[in-house]
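Visitor: Following this line is protein.cif, made up of mmCIF, C-alpha atoms and all ligand atoms:
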data_query
#
loop_
_atom_site.label_atom_id
_atom_site.label_comp_id
_atom_site.auth_asym_id
_atom_site.auth_seq_id
_atom_site.Cartn_x
_atom_site.Cartn_y
_atom_site.Cartn_z
CA MET F 1 33.31 40.04 33.90
CA LYS F 2 34.89 42.88 31.96
CA ILE F 3 37.96 44.61 33.39
CA LEU F 4 39.37 47.97 32.41
CA VAL F 5 43.15 47.98 32.77
CA THR F 6 44.80 51.40 32.73
CA GLY F 7 48.48 51.25 31.81
CA GLY F 8 47.81 47.79 30.36
CA THR F 9 50.53 48.01 27.70
CA GLY F 10 53.13 48.82 30.38
CA TYR F 11 55.44 46.39 32.14
CA ILE F 12 53.31 45.09 35.01
CA GLY F 13 50.00 45.85 33.27
CA SER F 14 50.78 43.70 30.22
CA HIS F 15 51.69 40.68 32.36
CA THR F 16 48.51 41.13 34.35
CA VAL F 17 46.41 41.35 31.17
CA VAL F 18 47.93 38.05 30.02
CA ARG F 19 47.10 36.46 33.35
CA LEU F 20 43.53 37.80 33.30
CA ILE F 21 42.91 36.47 29.80
CA GLU F 22 44.45 33.11 30.64
CA ASN F 23 42.27 32.90 33.70
CA LYS F 24 39.23 33.46 31.53
CA TYR F 25 40.16 30.38 29.56
CA ASP F 26 40.29 28.39 32.76
CA VAL F 27 36.97 29.68 33.98
CA VAL F 28 34.79 29.57 30.90
CA MET F 29 36.79 27.01 28.93
CA LEU F 30 36.84 28.91 25.68
CA ASP F 31 38.68 26.00 24.11
CA ASN F 32 35.37 24.13 24.08
CA LEU F 33 33.80 26.82 21.94
CA SER F 34 34.16 27.42 18.22
CA ASN F 35 37.67 28.36 17.20
CA SER F 36 36.52 31.02 14.79
CA LYS F 37 38.20 34.35 15.39
CA LYS F 38 34.92 36.18 15.83
CA ASP F 39 33.89 33.96 18.71
CA VAL F 40 37.15 34.59 20.45
CA VAL F 41 37.02 38.34 19.85
CA ASP F 42 33.49 38.47 21.19
CA LYS F 43 34.63 36.85 24.40
CA ILE F 44 37.36 39.33 25.33
CA ASP F 45 36.85 40.80 28.73
CA VAL F 46 39.93 43.01 29.07
CA VAL F 47 39.94 46.63 27.92
CA ILE F 48 43.27 48.44 27.98
CA VAL F 49 43.55 52.22 28.23
CA ASP F 50 47.07 53.61 27.83
CA ASN F 51 48.48 56.84 26.40
CA LEU F 52 51.64 54.96 25.27
CA SER F 53 53.87 57.51 27.03
CA ASN F 54 56.01 54.64 28.34
CA SER F 55 54.96 51.64 26.26
CA LYS F 56 54.30 50.58 22.70
CA GLU F 57 51.11 49.52 20.98
CA ASP F 58 52.73 46.33 19.64
CA VAL F 59 52.46 44.95 23.18
CA VAL F 60 48.78 44.36 22.34
CA ASP F 61 49.83 42.04 19.49
CA LYS F 62 52.31 40.30 21.75
CA ILE F 63 49.57 39.68 24.31
CA GLN F 64 47.53 38.22 21.45
CA THR F 65 50.41 35.95 20.43
CA ILE F 66 50.72 34.66 23.98
CA THR F 67 47.01 34.26 24.78
CA LYS F 68 45.40 33.94 21.31
CA VAL F 69 43.08 36.74 22.38
CA LYS F 70 43.47 40.36 21.35
CA PRO F 71 42.48 42.68 24.17
CA ILE F 72 40.49 45.78 23.28
CA PHE F 73 42.89 48.71 23.24
CA TYR F 74 42.26 52.45 23.48
CA LYS F 75 45.05 54.94 23.16
CA ALA F 76 43.81 57.53 25.62
CA ASP F 77 45.16 59.73 28.38
CA LEU F 78 43.63 59.64 31.85
CA LEU F 79 44.11 63.40 31.92
CA ASP F 80 41.46 63.56 29.17
CA LYS F 81 38.42 62.85 31.31
CA ASP F 82 35.97 63.06 28.38
CA ALA F 83 37.87 60.37 26.51
CA VAL F 84 37.92 58.10 29.57
CA SER F 85 34.23 58.72 30.15
CA LYS F 86 33.35 57.76 26.56
CA ILE F 87 35.36 54.54 26.81
CA VAL F 88 33.78 53.56 30.12
CA LYS F 89 30.25 54.30 28.88
CA LYS F 90 30.87 52.21 25.78
CA GLU F 91 32.65 49.28 27.40
CA LYS F 92 30.78 49.19 30.74
CA PRO F 93 33.56 47.46 32.73
CA ASP F 94 32.74 45.79 36.05
CA ALA F 95 36.10 46.56 37.64
CA VAL F 96 39.19 48.69 37.09
CA ILE F 97 42.84 47.81 37.65
CA HIS F 98 44.82 51.04 37.67
CA PHE F 99 48.48 50.77 36.64
CA ALA F 100 48.79 53.97 34.59
CA GLY F 101 51.22 56.44 36.07
CA LEU F 102 54.70 57.87 35.84
CA LYS F 103 57.19 55.96 37.98
CA ALA F 104 60.77 57.27 37.76
CA VAL F 105 61.90 58.56 41.13
CA GLY F 106 64.72 60.81 39.85
CA GLU F 107 62.52 62.31 37.14
CA SER F 108 59.82 63.03 39.74
CA VAL F 109 62.32 65.11 41.72
CA GLU F 110 63.12 67.13 38.59
CA GLN F 111 59.53 67.43 37.35
CA PRO F 112 57.28 67.28 40.42
CA LEU F 113 54.31 69.09 38.86
CA ARG F 114 54.23 66.70 35.91
CA TYR F 115 54.19 63.78 38.33
CA TYR F 116 51.50 65.23 40.60
CA HIS F 117 49.36 66.22 37.61
CA ASN F 118 49.67 62.93 35.75
CA ASN F 119 49.38 60.55 38.69
CA ILE F 120 46.94 62.41 40.94
CA THR F 121 44.70 64.14 38.38
CA GLY F 122 44.68 61.05 36.18
CA THR F 123 43.53 58.92 39.12
CA VAL F 124 40.90 61.40 40.29
CA ASN F 125 39.50 61.61 36.73
CA LEU F 126 39.31 57.83 36.61
CA LEU F 127 37.60 57.57 40.02
CA GLU F 128 35.09 60.28 39.04
CA VAL F 129 34.21 58.45 35.83
CA MET F 130 33.82 55.22 37.82
CA ALA F 131 31.48 56.97 40.27
CA GLU F 132 29.44 58.45 37.40
CA ASN F 133 29.01 54.97 35.98
CA GLY F 134 28.42 53.05 39.22
CA ILE F 135 31.67 51.04 39.04
CA LYS F 136 32.75 50.02 42.53
CA ASP F 137 35.69 47.61 42.19
CA PHE F 138 39.16 49.14 42.03
CA VAL F 139 42.67 47.72 42.30
CA PHE F 140 45.52 50.20 42.69
CA SER F 141 49.26 49.83 42.02
CA SER F 142 50.96 51.24 45.07
CA SER F 143 54.56 50.70 46.09
CA ALA F 144 56.79 49.78 48.99
CA THR F 145 58.08 53.32 48.58
CA VAL F 146 55.19 54.43 50.87
CA TYR F 147 57.08 52.88 53.80
CA GLY F 148 59.84 55.51 53.38
CA ASN F 149 62.88 54.47 55.40
CA PRO F 150 61.45 51.62 57.50
CA LYS F 151 62.70 51.19 61.08
CA SER F 152 62.99 47.43 60.67
CA VAL F 153 62.40 44.57 58.24
CA PRO F 154 60.32 42.67 57.28
CA ILE F 155 57.76 45.43 56.68
CA ASN F 156 54.10 44.77 57.40
CA GLU F 157 51.10 46.73 56.17
CA ASN F 158 50.70 48.55 59.50
CA PHE F 159 54.14 50.19 59.40
CA PRO F 160 54.10 54.02 59.42
CA LEU F 161 53.84 55.61 55.98
CA SER F 162 56.06 58.39 54.65
CA THR F 163 57.76 59.36 51.43
CA THR F 164 61.02 60.89 50.32
CA ASN F 165 60.27 61.98 46.75
CA PRO F 166 57.38 63.29 44.61
CA TYR F 167 56.79 59.89 42.96
CA GLY F 168 56.35 58.27 46.37
CA ALA F 169 54.20 61.20 47.48
CA THR F 170 51.79 60.56 44.59
CA LYS F 171 51.45 56.91 45.65
CA LEU F 172 50.76 57.81 49.28
CA MET F 173 48.37 60.60 48.28
CA ILE F 174 46.39 58.27 46.04
CA GLU F 175 46.23 55.71 48.87
CA ASN F 176 44.83 58.46 51.13
CA ILE F 177 42.33 59.50 48.45
CA LEU F 178 41.16 55.89 48.22
CA ARG F 179 40.77 55.59 52.01
CA ASP F 180 38.75 58.85 52.06
CA LEU F 181 36.67 57.68 49.13
CA TYR F 182 35.88 54.41 50.86
CA ASN F 183 34.89 56.25 54.05
CA SER F 184 32.45 58.32 51.97
CA ASP F 185 31.06 55.30 50.11
CA THR F 186 31.43 51.94 51.83
CA SER F 187 29.92 50.16 48.84
CA MET F 188 33.29 50.66 47.09
CA ASN F 189 35.61 47.64 46.90
CA ILE F 190 39.24 48.72 46.87
CA ALA F 191 42.49 46.76 46.90
CA ILE F 192 45.68 48.73 47.44
CA LEU F 193 48.64 46.58 46.38
CA ARG F 194 52.09 47.64 47.55
CA TYR F 195 54.62 46.12 45.19
CA PHE F 196 58.17 45.50 46.29
CA ASN F 197 60.72 45.21 43.43
CA PRO F 198 59.12 43.69 40.31
CA VAL F 199 61.64 42.07 37.94
CA GLY F 200 61.80 39.42 35.22
CA ALA F 201 59.59 38.93 32.22
CA HIS F 202 56.98 36.62 30.74
CA LYS F 203 58.40 33.15 30.07
CA SER F 204 57.61 33.54 26.35
CA GLY F 205 60.23 36.30 26.11
CA LEU F 206 57.69 38.46 24.25
CA ILE F 207 56.87 41.01 26.94
CA GLY F 208 59.04 42.44 29.69
CA GLU F 209 60.64 45.63 30.88
CA ASN F 210 62.51 47.72 28.37
CA PRO F 211 63.28 51.15 29.85
CA ASN F 212 64.29 54.02 27.60
CA GLY F 213 67.86 55.28 28.05
CA ILE F 214 70.15 54.19 30.86
CA PRO F 215 68.15 52.22 33.43
CA ASN F 216 67.93 53.49 37.02
CA ASN F 217 66.93 50.21 38.59
CA LEU F 218 69.23 47.34 39.37
CA VAL F 219 67.97 44.45 37.27
CA PRO F 220 67.37 46.38 34.00
CA TYR F 221 70.89 47.82 34.43
CA MET F 222 72.37 44.33 34.93
CA MET F 223 70.56 43.14 31.80
CA GLN F 224 72.16 45.89 29.72
CA VAL F 225 75.60 45.09 31.12
CA ALA F 226 75.10 41.42 30.17
CA ALA F 227 73.96 42.50 26.69
CA GLY F 228 77.16 44.54 26.27
CA LYS F 229 75.30 47.86 26.13
CA LEU F 230 76.91 49.03 29.38
CA ASP F 231 80.44 48.18 30.56
CA TYR F 232 79.85 47.14 34.16
CA LEU F 233 77.36 47.33 37.00
CA ARG F 234 77.98 50.13 39.44
CA VAL F 235 77.22 48.73 42.89
CA PHE F 236 76.01 51.66 44.96
CA GLY F 237 77.88 51.26 48.25
CA ASP F 238 79.09 48.30 50.29
CA ASP F 239 78.84 49.86 53.73
CA TYR F 240 75.14 49.33 54.45
CA LYS F 241 74.05 47.48 57.57
CA THR F 242 73.32 44.29 55.62
CA LYS F 243 74.77 40.80 55.25
CA ASP F 244 77.53 41.87 52.82
CA GLY F 245 77.23 45.66 53.01
CA THR F 246 75.27 46.07 49.76
CA GLY F 247 71.60 47.06 49.63
CA VAL F 248 69.01 44.36 50.26
CA ARG F 249 65.63 44.28 48.44
CA ASP F 250 62.66 42.00 47.88
CA TYR F 251 62.64 41.12 44.17
CA ILE F 252 59.42 39.59 42.90
CA HIS F 253 58.85 37.94 39.52
CA VAL F 254 56.40 40.02 37.48
CA GLU F 255 54.33 36.91 36.71
CA ASP F 256 53.86 36.30 40.44
CA LEU F 257 52.88 39.93 40.82
CA ALA F 258 50.31 39.56 38.03
CA GLU F 259 48.79 36.63 39.91
CA GLY F 260 48.41 38.86 42.97
CA HIS F 261 46.04 41.13 41.02
CA LEU F 262 43.79 38.26 40.10
CA LEU F 263 43.66 37.08 43.70
CA ALA F 264 42.91 40.62 44.89
CA LEU F 265 40.05 40.94 42.39
CA LYS F 266 38.58 37.65 43.54
CA LYS F 267 38.84 38.81 47.14
CA LEU F 268 36.88 41.99 46.36
CA LYS F 269 34.08 39.86 44.97
CA GLU F 270 34.02 37.51 47.95
CA LYS F 271 34.48 40.03 50.74
CA PRO F 272 33.82 43.65 49.79
CA GLY F 273 35.64 46.50 51.53
CA ILE F 274 39.05 48.16 51.39
CA VAL F 275 42.18 46.04 51.74
CA THR F 276 45.91 46.72 51.54
CA TYR F 277 48.47 44.03 50.78
CA ASN F 278 52.20 43.82 50.38
CA LEU F 279 53.14 41.91 47.24
CA GLY F 280 56.66 40.62 47.65
CA THR F 281 58.42 37.34 48.33
CA GLY F 282 59.36 38.05 51.93
CA VAL F 283 63.02 37.36 51.12
CA GLY F 284 65.70 40.02 50.76
CA TYR F 285 68.70 39.64 48.46
CA SER F 286 71.78 41.86 48.41
CA VAL F 287 73.17 43.41 45.24
CA LEU F 288 76.14 41.03 45.36
CA GLU F 289 73.83 38.03 45.73
CA MET F 290 71.96 39.29 42.67
CA VAL F 291 75.23 39.53 40.73
CA LYS F 292 76.15 35.98 41.75
CA GLU F 293 72.80 34.53 40.69
CA PHE F 294 72.72 36.34 37.35
CA SER F 295 76.31 35.26 36.65
CA SER F 296 75.27 31.66 37.19
CA VAL F 297 72.32 32.04 34.80
CA LEU F 298 74.60 33.67 32.21
CA GLY F 299 77.39 31.14 32.68
CA ARG F 300 79.92 33.98 32.94
CA ASP F 301 80.79 36.67 35.46
CA LEU F 302 78.83 39.90 35.33
CA PRO F 303 81.40 42.70 35.65
CA TYR F 304 80.84 45.14 38.50
CA LYS F 305 82.58 47.88 40.49
CA ILE F 306 81.70 49.09 43.95
CA ILE F 307 81.17 52.84 43.94
CA ALA F 308 79.64 55.40 46.34
CA ARG F 309 76.14 55.09 47.77
CA ARG F 310 73.23 56.45 45.72
CA PRO F 311 71.68 59.33 47.69
CA GLY F 312 68.37 58.38 49.31
CA ASP F 313 68.95 54.60 49.23
CA ILE F 314 68.09 52.56 52.30
CA ASP F 315 69.82 49.52 53.81
CA ALA F 316 67.14 46.90 53.46
CA CYS F 317 63.53 46.61 52.31
CA TYR F 318 61.59 43.38 52.23
CA ALA F 319 58.01 42.41 52.84
CA ASP F 320 56.15 40.65 55.57
CA THR F 321 53.86 38.69 53.27
CA ALA F 322 51.70 37.02 55.94
CA LEU F 323 48.57 39.10 55.36
CA ALA F 324 48.39 38.55 51.60
CA LYS F 325 49.01 34.85 52.17
CA LYS F 326 46.32 34.55 54.83
CA GLU F 327 43.63 36.66 53.16
CA ILE F 328 44.08 36.02 49.42
CA GLY F 329 46.34 32.98 49.34
CA PHE F 330 49.10 34.94 47.63
CA GLU F 331 52.51 33.32 47.59
CA ALA F 332 55.31 34.07 45.13
CA LYS F 333 56.27 30.84 43.38
CA ARG F 334 59.25 31.91 41.30
CA GLY F 335 62.72 32.44 42.72
CA LEU F 336 65.71 34.55 41.68
CA HIS F 337 66.84 32.00 39.11
CA ASP F 338 63.56 32.29 37.16
CA MET F 339 63.56 36.07 37.49
CA PHE F 340 66.97 36.26 35.80
CA LYS F 341 66.34 33.47 33.30
CA ASP F 342 63.08 35.01 32.07
CA GLY F 343 64.42 38.57 32.22
CA TRP F 344 67.49 37.59 30.18
CA ASN F 345 65.37 35.65 27.68
CA PHE F 346 63.33 38.82 27.08
CA GLN F 347 66.42 41.03 26.90
CA LYS F 348 68.01 38.76 24.27
CA ASN F 349 64.85 38.96 22.15
CA SER F 350 64.53 42.74 22.32
P1 LIG L 1 55.13 51.28 33.04
O1 LIG L 1 55.63 52.66 32.82
O2 LIG L 1 55.73 50.16 32.26
O3 LIG L 1 53.54 51.24 32.83
C1 LIG L 1 52.71 52.35 33.11
C2 LIG L 1 51.86 52.60 31.89
O4 LIG L 1 50.99 53.72 32.15
C3 LIG L 1 52.67 52.96 30.64
O5 LIG L 1 52.31 52.09 29.60
C4 LIG L 1 52.29 54.41 30.33
O6 LIG L 1 52.27 54.65 28.94
C5 LIG L 1 50.92 54.51 30.97
N1 LIG L 1 50.52 55.86 31.40
C6 LIG L 1 51.22 56.72 32.18
N2 LIG L 1 50.50 57.85 32.39
C7 LIG L 1 49.31 57.69 31.74
C8 LIG L 1 48.16 58.48 31.56
N3 LIG L 1 48.06 59.72 32.09
N4 LIG L 1 47.13 58.00 30.83
C9 LIG L 1 47.20 56.76 30.27
N5 LIG L 1 48.27 55.97 30.38
C10 LIG L 1 49.32 56.42 31.11
O7 LIG L 1 55.25 51.00 34.63
P2 LIG L 1 55.08 49.65 35.43
O8 LIG L 1 56.41 49.27 35.96
O9 LIG L 1 54.29 48.68 34.66
O10 LIG L 1 54.25 50.20 36.67
C11 LIG L 1 52.83 50.12 36.72
C12 LIG L 1 52.36 50.76 38.00
O11 LIG L 1 52.95 50.10 39.11
C13 LIG L 1 52.74 52.23 38.12
O12 LIG L 1 51.65 52.92 38.72
C14 LIG L 1 53.93 52.21 39.05
O13 LIG L 1 54.07 53.40 39.78
C15 LIG L 1 53.58 51.05 39.96
N6 LIG L 1 54.78 50.43 40.56
C16 LIG L 1 55.79 50.00 39.76
C17 LIG L 1 56.93 49.45 40.33
C18 LIG L 1 58.10 49.00 39.48
O14 LIG L 1 59.20 48.86 40.02
N7 LIG L 1 57.93 48.74 38.20
C19 LIG L 1 57.01 49.32 41.72
C20 LIG L 1 55.95 49.73 42.50
C21 LIG L 1 54.83 50.30 41.92
C1 LIG L 2 63.28 51.62 43.43
C2 LIG L 2 62.60 52.96 43.52
C3 LIG L 2 61.50 52.91 44.56
C4 LIG L 2 60.53 51.76 44.28
C5 LIG L 2 61.32 50.46 44.22
C6 LIG L 2 60.43 49.28 43.87
C7 LIG L 2 64.42 54.46 42.92
C8 LIG L 2 65.41 55.48 43.41
N1 LIG L 2 63.62 53.94 43.86
O1 LIG L 2 64.02 51.49 44.62
O2 LIG L 2 60.77 54.10 44.58
O3 LIG L 2 59.58 51.68 45.30
O4 LIG L 2 62.34 50.57 43.22
O5 LIG L 2 60.12 49.29 42.55
O6 LIG L 2 64.32 54.18 41.74
N2 LIG L 2 71.63 49.43 42.75
C9 LIG L 2 72.96 49.36 42.39
N3 LIG L 2 73.30 49.74 41.12
C10 LIG L 2 72.39 50.18 40.21
C11 LIG L 2 71.04 50.24 40.59
C12 LIG L 2 70.69 49.87 41.87
O7 LIG L 2 73.81 48.98 43.18
O8 LIG L 2 72.77 50.52 39.07
C13 LIG L 2 71.24 48.98 44.10
C14 LIG L 2 70.54 50.02 44.94
O9 LIG L 2 71.44 50.75 45.70
C15 LIG L 2 69.61 49.14 45.80
C16 LIG L 2 69.30 47.96 44.90
O10 LIG L 2 70.32 47.92 43.91
O11 LIG L 2 70.28 48.67 46.93
C17 LIG L 2 67.94 48.06 44.19
O12 LIG L 2 67.84 49.30 43.51
P1 LIG L 2 66.61 49.66 42.56
O13 LIG L 2 66.41 48.57 41.58
O14 LIG L 2 66.83 51.04 42.04
O15 LIG L 2 65.35 49.61 43.55
P2 LIG L 2 65.06 50.39 44.92
O16 LIG L 2 66.25 51.09 45.41
O17 LIG L 2 64.45 49.40 45.84
#
Is it possible to give me this structure as structure tokens?
Ligand code: NAD
Ligand code: UD1
Guide:
Amino acid sequence: MKILVTGGTGYIGSHTVVRLIENKYDVVMLDNLSNSKKDVVDKIDVVIVDNLSNSKEDVVDKIQTITKVKPIFYKADLLDKDAVSKIVKKEKPDAVIHFAGLKAVGESVEQPLRYYHNNITGTVNLLEVMAENGIKDFVFSSSATVYGNPKSVPINENFPLSTTNPYGATKLMIENILRDLYNSDTSMNIAILRYFNPVGAHKSGLIGENPNGIPNNLVPYMMQVAAGKLDYLRVFGDDYKTKDGTGVRDYIHVEDLAEGHLLALKKLKEKPGIVTYNLGTGVGYSVLEMVKEFSSVLGRDLPYKIIARRPGDIDACYADTALAKKEIGFEAKRGLHDMFKDGWNFQKNS
């Protein structure tokens, strides 16, 4: 089976590529074959397409260091439909996992057209090329952001959908496009995966999340405080309706998230159709609990100050994970300690 991974040099994509390649070893037992490089190269079944707008090509080498397999890599933009078409015709993938997209909420508010164009047009181009080449299996990176401001927690897949910013709107719009597409062609096999808050890094410390500039999200910000690049964590508000007043979220280790993609792909093979799953741990942690856990991993206190709320933030967001557990056997194995240990290991190396 050959899989095209868009956005495969990015944060979640690169971890998923590693997991896909490692799974191939398990399945076909490449270690029983000749060790010559050519044999290994011939056996690669992952093709990455990324325009490198938010990642670096050396991630491909790092994936090779981890897995001993170099995935095929094309620097190409999904907005360039001809380029995507040529790659698909040449590589003939059986399935597509679609990570490529822009993802910064604040930036999407400032540059909505760029976000709509990149995320929506890029996805439509990709789906058109798939249709032209008879490719039916598709896994899409959606987000818990499509639940907007949920009335209660935990959130299950049947909660009402809404969005509060252009980034979230692109995710919801793509979900709707996929539901319409499936209604028009029920031979499609589509998995919509709604990620909660992916954090951490590969245990090797070679790949992880390294945002440009000052991070917007909690864990990358904490990492930079620990590394001495930022003075202290700004805790956005302590008057939320939560256990200690700070915001509560469902943080999931990126390696667990990667596993979810593999399980979703397997599901599409076993039981075709369109499915939607939350990928989270089902447990919510407050910002102060996060500070406490990271401090224990560091062996020193992480400095922080409570400041005003960040506009648009919600009290609590965590997943009901029952459906993904029941239907694909997905269960996050790694806890907060591993998320911080692996994230910090990557941060120290970068
Ligand atoms: P990332 O930015 O690290 O990876 C996305 C990759 O897509 C990057 O390597 C970028 O260069 C590439 N890309 C963007 N536009 C492209 C285009 N037009 N053509 C080709 N390549 C393009 O982000 P990530 O955190 O790995 O997120 C992956 C996906 O998961 C995204 O769709 C994101 O919206 C979604 N998601 C992420 C989170 C999160 O917190 N990280 C949460 C929920 C959903
Ligand atoms: C972010 C995205 C959201 C996406 C989700 C999952 C934003 C505005 N929203 O939301 O679209 O679906 O990730 O990937 O980026 N916090 C601090 N100090 C900081 C940073 C964050 O106290 O410097 C707090 C926040 O108030 C929140 C929690 O930490 O309570 C988590 O914040 P963040 O990591 O930005 O994730 P989300 O708010 O869940």
Visitor: Report as CSV the residues of stretch 18-134 of chain F within 9 Å of stretch 215-224 of chain F, each with its shortest atom pair and distance in Å (one decimal), using only C-alpha atoms, ordered by chain and increasing residue number.
Guide:
residue,atom,partner,partner_atom,distance
F:Ala104,CA,F:Asn216,CA,8.1
F:Val105,CA,F:Asn216,CA,8.9
F:Gly106,CA,F:Asn216,CA,8.5
Visitor: How would you write as a PyMOL selection string the residues that get within 6 Å of (59.6, 42.3, 38.6) in the file's frame, counting all atoms listed in the file?
Guide: chain F and resi 197-200+252-254
Visitor: Write out as an MDAnalysis selection string which residues come within 12 Å of F:Asn118 when counting all atoms listed in the file, dropping same-chain ones fewer than 3 positions away.
Guide: chainID F and resid 51 53 77:80 100:103 108 111:115 121:126 166:167 170:171 174
Visitor: Which residue, F:Gly273, F:Gly280, F:Gly312, F:Pro93, has the smallest gap to ligand LIG 1 (chain L) when you use all atoms listed in the file?
Guide: F:Gly280
Visitor: Per residue of chain F within 9 Å of ligand LIG 2 (chain L), which atom pair is closest and at what distance in Å (one decimal), using all atoms listed in the file, listed by chain and increasing number, as CSV?
Guide:
residue,atom,partner,partner_atom,distance
F:Lys103,CA,L:LIG2,O2,7.7
F:Ala104,CA,L:LIG2,O6,6.2
F:Val105,CA,L:LIG2,O6,5.0
F:Gly106,CA,L:LIG2,C8,6.4
F:Ser142,CA,L:LIG2,O3,8.6
F:Ser143,CA,L:LIG2,O3,5.2
F:Ala144,CA,L:LIG2,O3,5.0
F:Thr145,CA,L:LIG2,O3,4.0
F:Val146,CA,L:LIG2,O3,7.6
F:Tyr147,CA,L:LIG2,O3,8.9
F:Gly148,CA,L:LIG2,O3,8.9
F:Thr164,CA,L:LIG2,O2,8.9
F:Asn165,CA,L:LIG2,O2,8.2
F:Tyr167,CA,L:LIG2,O2,7.2
F:Gly168,CA,L:LIG2,O2,6.3
F:Arg194,CA,L:LIG2,O3,8.8
F:Tyr195,CA,L:LIG2,C6,6.7
F:Phe196,CA,L:LIG2,C6,5.0
F:Asn197,CA,L:LIG2,C6,4.1
F:Pro198,CA,L:LIG2,O5,6.1
F:Val199,CA,L:LIG2,O5,8.7
F:Pro215,CA,L:LIG2,O8,7.5
F:Asn216,CA,L:LIG2,O14,5.7
F:Asn217,CA,L:LIG2,O13,3.4
F:Leu218,CA,L:LIG2,C11,3.6
F:Val219,CA,L:LIG2,O13,6.2
F:Pro220,CA,L:LIG2,O13,7.9
F:Tyr221,CA,L:LIG2,O8,5.7
F:Met222,CA,L:LIG2,O8,7.5
F:Leu233,CA,L:LIG2,O8,6.0
F:Arg234,CA,L:LIG2,N3,5.0
F:Val235,CA,L:LIG2,O7,3.4
F:Phe236,CA,L:LIG2,O7,3.9
F:Gly237,CA,L:LIG2,O7,6.9
F:Asp238,CA,L:LIG2,O7,8.9
F:Tyr240,CA,L:LIG2,O11,9.0
F:Thr246,CA,L:LIG2,O11,6.3
F:Gly247,CA,L:LIG2,O11,3.4
F:Val248,CA,L:LIG2,O11,5.6
F:Arg249,CA,L:LIG2,O17,5.9
F:Asp250,CA,L:LIG2,O17,7.9
F:Tyr251,CA,L:LIG2,C6,8.5
F:Ser286,CA,L:LIG2,O11,7.1
F:Val287,CA,L:LIG2,O10,5.5
F:Leu288,CA,L:LIG2,O7,8.6
F:Met290,CA,L:LIG2,O10,8.9
F:Ile306,CA,L:LIG2,O7,7.9
F:Ile307,CA,L:LIG2,O7,8.3
F:Arg309,CA,L:LIG2,O9,6.7
F:Arg310,CA,L:LIG2,O9,6.0
F:Pro311,CA,L:LIG2,C8,8.5
F:Gly312,CA,L:LIG2,C8,7.2
F:Asp313,CA,L:LIG2,O9,5.8
F:Ile314,CA,L:LIG2,O11,7.0
F:Asp315,CA,L:LIG2,O11,6.9
F:Ala316,CA,L:LIG2,O11,7.5
F:Cys317,CA,L:LIG2,O17,7.1
Visitor: Using only the atoms of stretch 151-156 of chain F listed in the file, plus 4 Å on each side, state the axis-aligned box centre and edge lengths in Å rounded to one decimal, as JSON.
Guide:
{"center_x": 58.5, "center_y": 46.9, "center_z": 58.9, "size_x": 16.9, "size_y": 16.5, "size_z": 12.4}
Visitor: Using all atoms listed in the file, which of the listed residues (F:Leu4, F:Leu193, F:Met130, F:Met173) sits closest to ligand LIG 1 (chain L)?
Guide: F:Leu193
Visitor: When distances are computed from all atoms listed in the file, which of F:Pro211, F:Gly205, F:Gly335, F:Gly10 shows the smallest separation from F:Lys348?
Guide: F:Gly205
Visitor: With distances taken over all atoms listed in the file, which residue among F:Gly260, F:Gly282, F:Gly299, F:Gly13 lies nearest ligand LIG 1 (chain L)?
Guide: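 Closest to ligand LIG 1 (chain L), using all atoms listed in the file: F:Gly13.
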Visitor: Taking all atoms listed in the file into account, name the residue in F:Ile63, F:Ile3, F:Ala322, F:Leu302 that is nearest to F:Ala95.
Guide: F:Ile3
Visitor: Need the neighbours of (37.8, 37.6, 42.0): which residues are at most 12 Å away, counting only C-alpha atoms, as a PyMOL selection string?
Guide: chain F and resi 1-3+20+23-24+27+94-95+137-139+189+191+259-272+328
Visitor: Quick one: residues within 10 Å of F:His15, all atoms listed in the file, excluding same-chain residues fewer than 4 positions away - as a list in words?
Guide: Gly8, Thr9, Gly10, Tyr11, Arg19, Leu20, Ile63, Ala201, His202, Ile207, Gly208, Val254, Glu255, Asp256, Leu257, Ala258 and Glu259 of chain F
Visitor: Given the choices F:Val17, F:Tyr304, F:Thr163, F:Ala332, which gets closest to F:Leu230 if the distance is worked out from only C-alpha atoms?
Guide: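 The answer is F:Tyr304, which sits nearest to F:Leu230.
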